[in-house]
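Here's the structure, in structure tokens; my notes come after.
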Amino acid sequence: MNTLAADRAGSRSRVGREHAATIVRAAEAVFARHGFQGATMAEIAERAGLPKANLHYYFRTKQAVYRAVLDDILATWLVGTEALVPEADPAQALSAYIRHKMRLSAERPDASRVFANELIHGAAQLREVLRSDLRALVREKAAVIDGWIAAGRMAPVDSTHLFFTIWAATQTYADFEPQVCAVLGVERLRARDLDRATEHVLNLVLRGCGLVAHGP
């Protein structure tokens, strides 16, 4: 393949990736509002700004695009765990992870809602991934936290259940936003509401771990 042909192929490949990413993000919003059963390929295509035929070129079935949405959500969420390494400062690493999770709840609330709905309905699409990849990752990162505890760098906690606590505390601001807004007396969560929530979760988790708390 000559240079010009290679450049054209690379351009088509890039455009293809961009279209697929656009479809996944559009589908995320549609699945968040209607669930898997209520969502339609026509609505996903419309939201993505693409003809329905183009949508089927990238994803032949609704289940295929739904699985792509779930895989994208899980991959995005797991990025934050990269801060949890043995040589890191526990307070800084846990703070970075919590801030990452809170930022995603603010920036991609639909992602959290799609994921929560999948779990509520039995995790049929993700069961094997949860039992293999996610389980292995949590074990790996829990071992890091156990190492910090053994070295006297933080207070003893159940390292596995610490993840459940962080997930619940951060994702509630997306999954149950109407409830939070009702109690706070606002129509939508504003930046200052999310900043307040982030500092609260940070203080709660870090103090529970015997670490220096951030904020007031």
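Residue numbers start at 1 in each chain; chains themselves are named A, B, ... in the order of the structure tokens; ligands are numbered from 1 in the order shown.
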Item to check | Surrounding residues of Asp146 of chain A excluding itself and chain neighbours under 3 positions, 12 Å, only C-alpha atoms, as an MDAnalysis selection string | outcome: chainID A and resid 84:86 90 138:143 149:160 162 209
Skip Lys52 of chain A itself and residues of its chain fewer than 4 positions away, then list as a PDB file with C-alpha atoms, in the first residue's frame all residues within 8 Å of it, counting only C-alpha atoms.
```
ATOM      1  CA  MET A  41     -32.235   2.007  16.927  1.00  0.00           C
ATOM      2  CA  ALA A  42     -34.131   4.796  15.138  1.00  0.00           C
ATOM      3  CA  ALA A  45     -29.508   7.112  15.074  1.00  0.00           C
ATOM      4  CA  GLU A  46     -31.476  10.352  15.302  1.00  0.00           C
ATOM      5  CA  HIS A  56     -26.458  -0.614  11.382  1.00  0.00           C
TER       6      HIS A  56
END
```
Item to check | Proximity to Pro51 of chain A - best of A:Arg25, A:Arg33, A:His19, A:Arg135, only C-alpha atoms | outcome: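 When distances to Pro51 of chain A are compared using only C-alpha atoms, the smallest one comes from A:His19.
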Next on the checklist: To one decimal place in Å, what is the distance between atom CA of Glu43 of chain A and atom CA of Arg127 of chain A?
Outcome noted: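 Separation between atom CA of Glu43 of chain A and atom CA of Arg127 of chain A: 27.0 Å.
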Next on the checklist: Give me, as an NGL selection string, the residues of segment 32-131 of chain A that a backbone DSSP run labels helix (DSSP H, G or I).
Outcome noted: :A and (32-38 or 41-48 or 52-58 or 62-83 or 90-107 or 109-120 or 127-131)
Next on the checklist: Can you measure atom CA of Leu55 of chain A to atom CA of Ile73 of chain A for me? One decimal in Å is fine.
Outcome noted: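 Computing the Euclidean distance for atom CA of Leu55 of chain A and atom CA of Ile73 of chain A yields 19.6 Å.
Across A:Leu189, A:Leu194, A:Ala116, A:Leu94, the tightest approach to Val212 of chain A is made by A:Leu94 when counting only C-alpha atoms.
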